[in-house]
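**Q** This is the content of query.txt (compact mmCIF, C-alpha atoms):
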# COMPACT_ATOMS: atom_id res chain seq x y z
CA MET A 9 33.75 27.65 -23.13
CA TYR A 10 35.14 24.17 -22.41
CA SER A 11 36.25 22.77 -25.77
CA ARG A 12 38.07 19.56 -24.86
CA PRO A 13 36.24 16.50 -26.26
CA LEU A 14 34.76 14.03 -23.78
CA SER A 15 35.33 10.31 -23.90
CA GLU A 16 32.45 8.12 -22.74
CA ILE A 17 32.36 5.15 -20.39
CA ARG A 18 29.24 2.96 -20.19
CA ILE A 19 29.07 0.92 -17.00
CA ARG A 20 27.64 -2.57 -17.45
CA THR A 21 27.52 -3.93 -13.91
CA LYS A 22 27.31 -2.87 -10.25
CA ILE A 23 28.67 -4.52 -7.13
CA PRO A 24 26.14 -6.53 -5.06
CA GLN A 25 24.00 -4.49 -2.64
CA VAL A 26 25.20 -6.54 0.33
CA GLU A 27 28.77 -5.60 -0.53
CA LEU A 28 27.85 -1.93 -0.98
CA ALA A 29 26.08 -1.87 2.40
CA GLN A 30 29.33 -2.81 4.12
CA LYS A 31 31.03 0.28 2.70
CA ILE A 32 28.50 2.90 3.85
CA GLY A 33 30.05 5.34 6.31
CA LYS A 34 33.54 3.96 5.63
CA ILE A 35 36.57 5.55 3.97
CA VAL A 36 37.16 4.06 0.52
CA THR A 37 40.51 2.71 -0.62
CA ASP A 38 42.14 2.14 -4.00
CA ASP A 39 40.62 -1.34 -3.94
CA ASP A 40 37.15 0.21 -4.27
CA TYR A 41 37.57 1.30 -7.87
CA GLY A 42 38.58 -0.35 -11.11
CA ILE A 43 38.59 2.73 -13.36
CA LEU A 44 40.25 6.05 -12.49
CA LEU A 45 39.18 8.94 -14.73
CA THR A 46 42.18 10.85 -16.07
CA GLY A 47 40.70 13.08 -18.76
CA PRO A 48 37.41 14.71 -19.78
CA THR A 49 34.87 11.91 -19.45
CA ARG A 50 31.15 11.22 -19.37
CA VAL A 51 30.15 8.13 -17.35
CA ILE A 52 26.81 6.44 -18.06
CA LYS A 53 25.13 4.07 -15.58
CA PRO A 54 23.73 0.66 -16.60
CA ASP A 55 20.22 2.18 -16.80
CA GLY A 56 21.41 4.75 -19.35
CA ARG A 57 21.35 7.74 -17.00
CA PRO A 58 24.49 9.84 -16.37
CA LEU A 59 26.58 9.10 -13.28
CA CYS A 60 29.05 11.95 -13.71
CA VAL A 61 30.88 14.21 -16.12
CA TYR A 62 34.53 15.04 -15.37
CA LEU A 63 35.91 18.36 -16.68
CA PRO A 64 39.58 18.84 -15.71
CA LYS A 65 40.71 22.47 -15.29
CA ALA A 66 37.26 23.78 -16.20
CA ILE A 67 37.23 26.51 -13.54
CA SER A 68 38.90 29.71 -14.72
CA GLU A 69 41.92 31.18 -12.96
CA GLU A 70 39.90 34.36 -12.40
CA ASN A 71 37.09 32.61 -10.55
CA ARG A 72 39.54 30.54 -8.54
CA ALA A 73 41.28 33.75 -7.47
CA LEU A 74 37.95 35.25 -6.37
CA ALA A 75 36.81 32.15 -4.48
CA TRP A 76 40.00 30.89 -2.85
CA PRO A 77 40.44 33.59 -0.14
CA ILE A 78 36.85 32.95 0.96
CA VAL A 79 36.40 29.17 0.78
CA SER A 80 39.88 28.27 2.02
CA GLU A 81 39.58 30.32 5.22
CA LEU A 82 36.20 29.22 6.56
CA LYS A 83 36.38 28.59 10.30
CA GLY A 84 34.71 26.09 12.59
CA THR A 85 33.43 22.52 12.39
CA THR A 86 30.15 20.64 12.53
CA GLY A 87 29.14 17.36 14.13
CA ASN A 88 25.95 16.69 12.16
CA ARG A 89 27.23 15.29 8.86
CA GLY A 90 26.30 11.65 9.61
CA TYR A 91 27.96 9.05 7.37
CA VAL A 92 30.05 11.83 5.80
CA SER A 93 32.12 12.01 9.00
CA ALA A 94 33.22 8.37 8.57
CA ALA A 95 32.85 7.66 12.30
CA PRO A 96 30.13 6.17 14.53
CA GLY A 97 27.58 8.57 15.99
CA TYR A 98 27.08 9.22 19.70
CA LYS A 99 24.28 10.66 21.79
CA ASP A 100 24.62 14.26 23.00
CA TYR A 101 21.53 14.80 25.16
CA LYS A 102 18.68 14.03 22.73
CA GLN A 103 20.70 14.64 19.57
CA THR A 104 22.93 12.22 17.70
CA ARG A 105 26.33 13.76 16.99
CA PHE A 106 29.19 12.62 14.77
CA ARG A 107 32.90 13.32 14.40
CA GLU A 108 33.54 17.03 13.95
CA VAL A 109 34.49 17.92 10.38
CA ALA A 110 35.30 21.21 8.64
CA SER A 111 32.14 21.44 6.55
CA HIS A 112 30.23 24.67 5.96
CA ILE A 113 26.89 25.48 4.31
CA LEU A 114 26.63 28.77 2.41
CA GLY A 115 23.56 30.35 0.86
CA ASN A 116 19.98 29.33 1.49
CA PHE A 117 18.28 26.57 3.47
CA GLU A 118 14.73 25.35 3.95
CA ALA A 119 12.83 25.26 7.22
CA ALA A 120 13.74 22.49 9.68
CA PRO A 121 11.33 22.67 12.65
CA PRO A 122 11.44 22.98 15.54
CA ARG A 123 14.87 24.60 15.64
CA PHE A 124 14.43 26.43 12.31
CA PRO A 125 10.73 27.04 11.68
CA ALA A 126 11.39 29.16 8.60
CA CYS A 127 13.52 29.21 5.48
CA ARG A 128 16.65 31.27 6.00
CA LEU A 129 20.10 32.34 4.97
CA THR A 130 22.79 30.23 6.61
CA ALA A 131 24.75 31.78 9.47
CA TRP A 132 27.89 32.31 7.40
CA THR A 133 25.90 34.07 4.67
CA ILE A 134 24.34 36.46 7.17
CA ASP A 135 27.72 37.19 8.75
CA HIS A 136 29.53 37.76 5.42
CA PRO A 137 27.23 39.85 3.20
CA LEU A 138 30.15 41.24 1.18
CA ASP A 139 31.90 37.91 0.58
CA TRP A 140 28.82 35.94 -0.52
CA PRO A 141 28.32 37.83 -3.85
CA LYS A 142 32.00 37.35 -4.69
CA LEU A 143 31.23 33.64 -5.17
CA PHE A 144 28.49 34.28 -7.74
CA PRO A 145 30.82 34.36 -10.80
CA LEU A 146 32.13 30.90 -9.84
CA CYS A 147 28.57 29.63 -9.39
CA GLN A 148 27.58 31.05 -12.77
CA GLU A 149 30.55 29.41 -14.48
CA VAL A 150 29.64 26.04 -12.95
CA ASN A 151 26.01 26.57 -13.99
CA HIS A 152 27.17 27.09 -17.58
CA TYR A 153 29.06 23.79 -17.65
CA PHE A 154 26.12 22.00 -16.04
CA ALA A 155 23.73 23.29 -18.74
CA GLN A 156 26.22 22.49 -21.48
CA ASN A 157 27.06 18.94 -20.44
CA VAL A 158 23.96 17.52 -18.71
CA PRO A 159 21.16 19.55 -20.33
CA ASP A 160 18.28 17.23 -19.38
CA ARG A 161 19.13 17.36 -15.68
CA TRP A 162 19.82 21.10 -15.89
CA ASN A 163 16.42 21.67 -17.52
CA ALA A 164 14.72 19.62 -14.79
CA GLN A 165 16.48 21.67 -12.14
CA MET A 166 15.62 24.92 -13.89
CA HIS A 167 11.95 23.88 -14.05
CA TYR A 168 12.01 23.32 -10.30
CA CYS A 169 13.79 26.63 -9.66
CA GLU A 170 10.99 28.48 -11.44
CA GLN A 171 8.80 27.48 -8.47
CA VAL A 172 11.27 28.98 -5.95
CA HIS A 173 11.18 32.62 -4.84
CA PRO A 174 14.07 34.26 -6.75
CA GLU A 175 15.62 35.71 -3.59
CA TRP A 176 16.42 32.15 -2.47
CA MET A 177 18.39 31.52 -5.67
CA ILE A 178 22.01 32.28 -6.57
CA PRO A 179 21.61 34.81 -9.42
CA GLY A 180 22.08 33.43 -12.92
CA THR A 181 22.15 29.80 -11.78
CA VAL A 182 20.01 26.79 -10.87
CA PHE A 183 21.70 26.63 -7.45
CA GLY A 184 20.58 27.89 -4.09
CA THR A 185 23.15 26.41 -1.72
CA LEU A 186 26.85 25.56 -1.48
CA THR A 187 28.63 23.15 0.84
CA VAL A 188 32.35 23.73 1.37
CA ASN A 189 34.49 20.88 2.72
CA LEU A 190 38.00 21.64 3.93
CA SER A 191 40.71 18.98 3.97
CA TYR A 192 38.88 15.90 5.22
CA SER A 193 37.81 12.58 3.72
CA THR A 194 34.11 11.82 3.52
CA GLY A 195 32.74 8.39 4.34
CA VAL A 196 30.61 6.65 1.73
CA HIS A 197 27.21 8.38 1.68
CA GLN A 198 24.37 9.74 -0.42
CA ASP A 199 23.75 13.48 -0.30
CA ASP A 200 20.60 14.23 1.70
CA GLY A 201 18.05 16.89 0.75
CA ASP A 202 19.32 17.59 -2.79
CA LEU A 203 16.90 17.87 -5.69
CA ARG A 204 16.89 14.30 -7.01
CA GLU A 205 15.81 15.17 -10.55
CA GLY A 206 18.70 17.61 -10.78
CA PHE A 207 22.46 17.21 -10.40
CA SER A 208 25.18 18.33 -8.00
CA CYS A 209 28.46 19.89 -9.10
CA ILE A 210 31.81 19.77 -7.28
CA ALA A 211 34.78 22.09 -7.87
CA VAL A 212 38.07 21.40 -6.13
CA PHE A 213 40.81 23.87 -5.23
CA LYS A 214 44.18 22.66 -4.02
CA GLN A 215 47.17 24.14 -2.23
CA GLY A 216 50.38 22.45 -1.10
CA GLU A 217 51.00 18.73 -1.17
CA TYR A 218 48.74 15.89 -0.05
CA THR A 219 47.84 12.36 -1.02
CA GLY A 220 44.43 10.71 -1.19
CA GLY A 221 41.05 12.41 -1.38
CA VAL A 222 40.14 10.33 -4.45
CA LEU A 223 36.38 10.65 -5.02
CA THR A 224 34.94 7.18 -5.59
CA PHE A 225 31.56 5.72 -6.56
CA PRO A 226 32.08 2.27 -5.02
CA GLU A 227 28.88 0.74 -6.40
CA TYR A 228 30.16 1.34 -9.92
CA ARG A 229 33.90 1.07 -9.15
CA ILE A 230 34.56 4.47 -10.76
CA ALA A 231 36.86 7.12 -9.23
CA VAL A 232 38.36 10.52 -10.03
CA ASN A 233 41.26 12.28 -8.33
CA LEU A 234 40.07 15.89 -8.58
CA GLN A 235 42.87 18.41 -8.89
CA ASP A 236 43.04 22.19 -8.66
CA ARG A 237 40.24 23.87 -10.71
CA ASP A 238 38.70 20.52 -11.73
CA LEU A 239 34.92 20.21 -11.95
CA LEU A 240 32.75 17.12 -11.54
CA LEU A 241 29.06 17.10 -12.41
CA MET A 242 27.48 14.15 -10.60
CA ASP A 243 24.42 12.30 -9.41
CA ALA A 244 24.81 12.88 -5.66
CA GLY A 245 22.03 10.39 -4.99
CA GLU A 246 24.55 7.65 -5.74
CA PHE A 247 26.85 6.48 -2.94
CA HIS A 248 30.22 8.23 -3.00
CA GLY A 249 33.14 8.98 -0.70
CA ASN A 250 36.82 9.89 -0.59
CA SER A 251 39.96 7.90 0.07
CA ASN A 252 42.04 8.83 3.11
CA LEU A 253 43.47 12.35 2.82
CA GLU A 254 46.98 12.86 4.19
CA LEU A 255 48.38 16.40 4.25
CA LEU A 256 52.10 16.39 3.43
CA SER A 257 53.04 20.08 3.66
CA GLU A 258 52.26 22.75 6.24
CA ASP A 259 50.26 24.78 3.73
CA ALA A 260 48.35 21.81 2.32
CA LYS A 261 44.61 22.27 1.75
CA ARG A 262 42.02 20.46 -0.32
CA VAL A 263 38.84 22.49 -0.66
CA SER A 264 35.77 21.07 -2.38
CA VAL A 265 32.81 23.31 -3.18
CA VAL A 266 29.50 21.56 -3.86
CA PHE A 267 26.82 23.45 -5.80
CA TYR A 268 23.23 22.21 -5.56
CA MET A 269 19.53 22.92 -5.08
CA ARG A 270 17.66 21.91 -1.93
CA SER A 271 14.50 19.90 -2.62
CA ASN A 272 12.10 21.85 -0.36
CA MET A 273 12.90 25.44 -1.28
CA HIS A 274 9.69 25.73 -3.34
CA LYS A 275 7.82 25.70 -0.02
CA CYS A 276 9.49 28.94 1.10
CA GLY A 277 7.72 32.27 0.96
CA SER A 278 9.58 35.51 0.39
CA PRO A 279 12.42 36.32 2.81
CA LYS A 280 10.10 38.85 4.47
CA GLU A 281 7.38 36.23 4.92
CA GLU A 282 9.85 33.71 6.29
CA ALA A 283 11.30 36.27 8.73
CA ALA A 284 7.80 36.87 10.07
CA LYS A 285 7.56 33.18 10.98
CA MET A 286 10.64 33.59 13.16
CA THR A 287 9.34 36.66 14.99
CA SER A 288 5.91 35.06 15.61
CA ARG A 289 7.32 32.09 17.54
Could you render the structure from this file as structure tokens?

**A**
Amino acid sequence: MYSRPLSEIRIRTKIPQVELAQKIGKIVTDDDYGILLTGPTRVIKPDGRPLCVYLPKAISEENRALAWPIVSELKGTTGNRGYVSAAPGYKDYKQTRFREVASHILGNFEAAPPRFPACRLTAWTIDHPLDWPKLFPLCQEVNHYFAQNVPDRWNAQMHYCEQVHPEWMIPGTVFGTLTVNLSYSTGVHQDDGDLREGFSCIAVFKQGEYTGGVLTFPEYRIAVNLQDRDLLLMDAGEFHGNSNLELLSEDAKRVSVVFYMRSNMHKCGSPKEEAAKMTSR
């Protein structure tokens, strides 16, 4: 149970939309925020809805120890993260590609025709059936803090999850999918495909020495420098990005784990039904 009291910040103004538009896909700097969160804090947007809740050192040492050997050693890169990659796209045959980044999707994903005509487990999840359940205690701990600190958004997400086949859910949570980002700065972006009425949660694990990586909501000029075992509950539909990350030691790593629910998973049948769609192509 997280017992530290939360302070509250109510944002009164936003930067102009024309100014925000110039920041999309770019790496933020220290000039893009006016307030840096340093302790347990709830941030409220001008319309009264929550922007984020910051819970320093919320993740237990036990769950960090379970998760770290898995999330810190993921291999490979992807070139389809769009604005997240903080670089212009380029055409690769008929597909637009972006700068390769070390980002990995774990868990469950909806259909995306024509390449993926059915809902499915992600490739990593299929290839690591013993490692995937080891992350469940971490997911369940994050779920607890989500329910405790943003109950209206948790309830909305739970209501949605009741429409999803249980085998597409992470047990004991309102999450179905994780994204793991390893040691790179994200350009200013909105998360795509997340359940908008819900919330996303980010846990950070750190090793070695580095500078930067400050998570910033430039429209509201709010930032937080997430440290080892910190947790941020946030509205991922708002524009956000990280300041430039510079690794200073050979062992340096910054791993962020994002917990969320995809918005089209209610359209998925059972895993058996979805597998049949693949074999009938």

**Q** Taking all atoms listed in the file into account, which of A:Leu240, A:Ala155, A:Leu190, A:Met273 comes nearest Leu203 of chain A?

**A**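 The shortest atom-to-atom distance to Leu203 of chain A comes from A:Met273.
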
**Q** Show which residues sit within 8 Å of Leu114 of chain A, as a list of chain:residue names. Count all atoms listed in the file, and ignore same-chain residues fewer than 6 positions away.

**A**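 Here the qualifying residues turn out to be A:Leu129, A:Thr130, A:Ala131, A:Trp132, A:Thr133, A:Thr185, A:Leu186, A:Thr187, A:Val188.
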
**Q** What does the distance from atom CA of Gly47 of chain A to atom CA of Arg229 of chain A come to in Å, to one decimal?

**A**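 Interatomic distance here is 16.8 Å.
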
**Q** Using only C-alpha atoms, which residue out of A:His152, A:Lys53, A:Arg204, A:Lys142 lies closest to Ala164 of chain A?

**A**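 Nearest to Ala164 of chain A: A:Arg204.
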
**Q** Using Å and a single decimal, report how far atom CA of Asp160 of chain A sits from atom CA of Gln198 of chain A.

**A** 21.3 Å

**Q** Using only C-alpha atoms, can you tell me which of A:Asp259, A:Glu205, A:His197, A:Ala75 comes closest to Tyr218 of chain A?

**A**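 Checking each candidate against Tyr218 of chain A, we get A:Asp259 as the closest.
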